[in-house]
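Report on one structure; see the data block that follows.
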Amino acid sequence: MGKKLVAYFSASGTTAKAAKTLADAADADIYEIKPAVPYTKADLNWMDKKARSTIEMNDKSFRPAIADRDARIENYDMIFVGFPIWWYIAPTIINTFLESYDFSGKTVILFATSGGSGFGQAVSGLKSSVPASCVIREGKILNGRQTVQSLKPWVDSL
């Protein structure tokens, strides 16, 4: 397989740690998906119905702006896309990211961090954001302490 990229969104730092370990295991470049307006702790309070993240996740058409469009997707064949699971799906900023580039003919492998749930409807919630020629596959939930050695067999199997 050709060049690999690990692109990730991390609200609290947990997904960032997993992404860095995965990038090392995959010998991949890394790219952080940053919101144009960073999330505050109050924005992420899922118990508050008026919190930014709650409002965004209740409207599946909402697309938070991203800070830049410098991922250079055209240079990669396989793109790992990581995020925290929010409400059993990917945060809508992941849709923004996928819709900002041409993923035609690319393979996207999802990875996520979660406080207790699995991927839920993440794959189906993202398919409409990429062309039909892009393959999106559910990857792994990377909770806990991951190491390059523990991730390498999985990466090599892809």
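Residues are named by chain letter and number: chains run A, B, ... in the order of the structure tokens, numbers start at 1 in each chain, and ligands are numbered from 1 in the order shown.
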
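Near region 149-151 of chain A, within 10 Å and counting only C-alpha atoms, sit Thr21, Leu22, Ala23, Asp24, Ala25, Ala26, Lys140, Leu142 and Asp156 of chain A, not including residues fewer than 5 positions from it in the same chain.
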
Contact residues around Asp43 (chain A) with only C-alpha atoms at 12 Å, ignoring same-chain residues under 3 positions, as a list in words: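 Non-adjacent residues within range: Ala11, Ser12, Val37, Pro38, Tyr39, Thr40, Trp46, Met47, Asp48, Lys49, Lys50, Ala51, Arg52, Ser53, Thr54, Ile55, Glu56 and Met57 of chain A.
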
Shell of 7 Å around Ile109 (chain A), only C-alpha atoms, local chain residues under 4 positions omitted, as number ranges by chain: A: 79-81, 136-139

Output file for the residues above (C-alpha atoms, as a PDB file, in the first residue's frame):
ATOM      1  CA  ILE A  79      -6.206   7.553   5.509  1.00  0.00           C
ATOM      2  CA  PHE A  80      -6.880   6.630   9.122  1.00  0.00           C
ATOM      3  CA  VAL A  81      -9.496   9.032  10.499  1.00  0.00           C
ATOM      4  CA  ILE A 136     -14.810   3.565   4.612  1.00  0.00           C
ATOM      5  CA  ARG A 137     -14.078   0.757   7.051  1.00  0.00           C
ATOM      6  CA  GLU A 138     -14.653   0.467  10.749  1.00  0.00           C
ATOM      7  CA  GLY A 139     -11.289   0.081  12.392  1.00  0.00           C
TER       8      GLY A 139
END

Backbone-only DSSP, strand (DSSP E or B) members of region 10-127 of chain A, as number ranges by chain: A: 29-32, 35, 66, 78-84, 86, 89, 107-113

Spatial neighbours of region 125-129 of chain A, 6 Å, only C-alpha atoms, chain gap at least 2 places, as a ChimeraX atom specification: /A:95,98-99,121-123

With all heavy atoms retained, export the selected residues as a compact mmCIF listing (two decimals), in the first residue's frame.
# COMPACT_ATOMS: atom_id res chain seq x y z
N ASN A 95 -17.45 14.92 9.39
CA ASN A 95 -18.14 15.10 8.11
C ASN A 95 -17.57 16.32 7.38
O ASN A 95 -17.33 16.27 6.18
CB ASN A 95 -19.65 15.28 8.31
CG ASN A 95 -20.30 14.07 8.91
OD1 ASN A 95 -20.35 13.94 10.13
ND2 ASN A 95 -20.81 13.18 8.09
N LEU A 98 -14.23 15.29 5.85
CA LEU A 98 -14.39 14.40 4.69
C LEU A 98 -14.96 15.15 3.48
O LEU A 98 -14.59 14.86 2.35
CB LEU A 98 -15.28 13.21 5.05
CG LEU A 98 -14.70 12.24 6.08
CD1 LEU A 98 -15.74 11.19 6.47
CD2 LEU A 98 -13.42 11.58 5.57
N GLU A 99 -15.84 16.09 3.72
CA GLU A 99 -16.46 16.86 2.63
C GLU A 99 -15.55 17.96 2.08
O GLU A 99 -15.83 18.54 1.04
CB GLU A 99 -17.79 17.45 3.11
CG GLU A 99 -18.83 16.37 3.37
CD GLU A 99 -20.02 16.84 4.18
OE1 GLU A 99 -20.13 18.06 4.49
OE2 GLU A 99 -20.86 15.98 4.53
N GLN A 121 -23.19 4.02 14.98
CA GLN A 121 -23.55 4.31 13.59
C GLN A 121 -22.51 5.19 12.89
O GLN A 121 -22.83 5.87 11.91
CB GLN A 121 -24.92 5.00 13.56
CG GLN A 121 -26.04 4.17 14.15
CD GLN A 121 -26.24 2.87 13.40
OE1 GLN A 121 -26.31 2.86 12.18
NE2 GLN A 121 -26.32 1.77 14.12
N ALA A 122 -21.27 5.19 13.38
CA ALA A 122 -20.25 6.08 12.83
C ALA A 122 -20.01 5.86 11.34
O ALA A 122 -19.97 6.81 10.56
CB ALA A 122 -18.94 5.93 13.60
N VAL A 123 -19.87 4.61 10.91
CA VAL A 123 -19.58 4.35 9.49
C VAL A 123 -20.74 4.84 8.62
O VAL A 123 -20.53 5.58 7.66
CB VAL A 123 -19.30 2.85 9.24
CG1 VAL A 123 -19.16 2.56 7.76
CG2 VAL A 123 -18.04 2.41 9.98

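Straight-line separation from CA of Thr96 (chain A) to CA of Thr113 (chain A): 19.0 Å.
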
Best match for closeness to Thr147 (chain A) among A:Ala19, A:Ala67, A:Val135, A:Ala36, counting only C-alpha atoms: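 For Thr147 (chain A), the nearest of the given residues is A:Ala19.
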
Among listed residues A:Phe9, A:Lys17, A:Asp29, A:Trp86, nearest Phe119 (chain A) (using only C-alpha atoms): A:Trp86

Selection: 10 Å around Arg69 (chain A), only C-alpha atoms, excl. self and same-chain fewer than 5 positions, as a list in words: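 With the cut-off at 10 Å, the set is Ile33, Lys34, Phe97, Ser100 and Tyr101 of chain A.
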
Would you export the selected residues with N, CA, C and O atoms as a PDB file, in the first residue's frame, please?
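Result file is part_14.pdb:
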ATOM      1  N   ILE A  33      -7.143  17.531  12.772  1.00  0.00           N
ATOM      2  CA  ILE A  33      -8.342  18.222  12.298  1.00  0.00           C
ATOM      3  C   ILE A  33      -8.732  19.189  13.409  1.00  0.00           C
ATOM      4  O   ILE A  33      -9.207  18.774  14.471  1.00  0.00           O
ATOM      5  N   LYS A  34      -8.499  20.467  13.172  1.00  0.00           N
ATOM      6  CA  LYS A  34      -8.753  21.475  14.199  1.00  0.00           C
ATOM      7  C   LYS A  34     -10.002  22.277  13.852  1.00  0.00           C
ATOM      8  O   LYS A  34     -10.142  22.736  12.720  1.00  0.00           O
ATOM      9  N   PHE A  97     -14.579  17.540   7.593  1.00  0.00           N
ATOM     10  CA  PHE A  97     -13.267  17.149   7.072  1.00  0.00           C
ATOM     11  C   PHE A  97     -13.397  16.315   5.800  1.00  0.00           C
ATOM     12  O   PHE A  97     -12.767  16.606   4.782  1.00  0.00           O
ATOM     13  N   SER A 100     -14.429  18.207   2.760  1.00  0.00           N
ATOM     14  CA  SER A 100     -13.509  19.269   2.355  1.00  0.00           C
ATOM     15  C   SER A 100     -12.451  18.810   1.357  1.00  0.00           C
ATOM     16  O   SER A 100     -11.686  19.641   0.851  1.00  0.00           O
ATOM     17  N   TYR A 101     -12.386  17.517   1.085  1.00  0.00           N
ATOM     18  CA  TYR A 101     -11.353  16.957   0.210  1.00  0.00           C
ATOM     19  C   TYR A 101     -11.980  15.965  -0.753  1.00  0.00           C
ATOM     20  O   TYR A 101     -13.083  15.470  -0.529  1.00  0.00           O
TER      21      TYR A 101
END

Point-to-point distance from CA of Asp27 (chain A) to CA of Ala7 (chain A), Å rounded to tenths: 13.2 Å

Test item, alpha helix (DSSP H) assignment across region 61-123 of chain A, answer as a ChimeraX atom specification: /A:92-99,122-123

With N, CA, C and O atoms kept, could you save the residues just selected as a PDB file, in the first residue's frame?
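Output below, filename result-v9.pdb:
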ATOM      1  N   THR A  92     -19.675  15.815  14.106  1.00  0.00           N
ATOM      2  CA  THR A  92     -19.957  16.322  12.761  1.00  0.00           C
ATOM      3  C   THR A  92     -18.765  17.034  12.121  1.00  0.00           C
ATOM      4  O   THR A  92     -18.732  17.192  10.902  1.00  0.00           O
ATOM      5  N   ILE A  93     -17.755  17.399  12.903  1.00  0.00           N
ATOM      6  CA  ILE A  93     -16.555  17.991  12.315  1.00  0.00           C
ATOM      7  C   ILE A  93     -15.831  16.969  11.417  1.00  0.00           C
ATOM      8  O   ILE A  93     -15.135  17.341  10.472  1.00  0.00           O
ATOM      9  N   ILE A  94     -16.050  15.689  11.655  1.00  0.00           N
ATOM     10  CA  ILE A  94     -15.464  14.654  10.793  1.00  0.00           C
ATOM     11  C   ILE A  94     -16.144  14.694   9.426  1.00  0.00           C
ATOM     12  O   ILE A  94     -15.481  14.552   8.391  1.00  0.00           O
ATOM     13  N   ASN A  95     -17.454  14.917   9.392  1.00  0.00           N
ATOM     14  CA  ASN A  95     -18.136  15.103   8.107  1.00  0.00           C
ATOM     15  C   ASN A  95     -17.568  16.324   7.382  1.00  0.00           C
ATOM     16  O   ASN A  95     -17.326  16.274   6.178  1.00  0.00           O
ATOM     17  N   THR A  96     -17.352  17.407   8.118  1.00  0.00           N
ATOM     18  CA  THR A  96     -16.757  18.605   7.520  1.00  0.00           C
ATOM     19  C   THR A  96     -15.428  18.261   6.870  1.00  0.00           C
ATOM     20  O   THR A  96     -15.165  18.639   5.723  1.00  0.00           O
ATOM     21  N   PHE A  97     -14.579  17.540   7.593  1.00  0.00           N
ATOM     22  CA  PHE A  97     -13.267  17.149   7.072  1.00  0.00           C
ATOM     23  C   PHE A  97     -13.397  16.315   5.800  1.00  0.00           C
ATOM     24  O   PHE A  97     -12.767  16.606   4.782  1.00  0.00           O
ATOM     25  N   LEU A  98     -14.231  15.292   5.855  1.00  0.00           N
ATOM     26  CA  LEU A  98     -14.395  14.404   4.694  1.00  0.00           C
ATOM     27  C   LEU A  98     -14.957  15.146   3.484  1.00  0.00           C
ATOM     28  O   LEU A  98     -14.591  14.864   2.346  1.00  0.00           O
ATOM     29  N   GLU A  99     -15.841  16.095   3.721  1.00  0.00           N
ATOM     30  CA  GLU A  99     -16.460  16.856   2.632  1.00  0.00           C
ATOM     31  C   GLU A  99     -15.546  17.959   2.082  1.00  0.00           C
ATOM     32  O   GLU A  99     -15.833  18.539   1.039  1.00  0.00           O
ATOM     33  N   ALA A 122     -21.275   5.189  13.375  1.00  0.00           N
ATOM     34  CA  ALA A 122     -20.246   6.079  12.829  1.00  0.00           C
ATOM     35  C   ALA A 122     -20.015   5.857  11.336  1.00  0.00           C
ATOM     36  O   ALA A 122     -19.970   6.810  10.563  1.00  0.00           O
ATOM     37  N   VAL A 123     -19.867   4.614  10.907  1.00  0.00           N
ATOM     38  CA  VAL A 123     -19.585   4.347   9.492  1.00  0.00           C
ATOM     39  C   VAL A 123     -20.737   4.838   8.621  1.00  0.00           C
ATOM     40  O   VAL A 123     -20.525   5.578   7.657  1.00  0.00           O
TER      41      VAL A 123
END
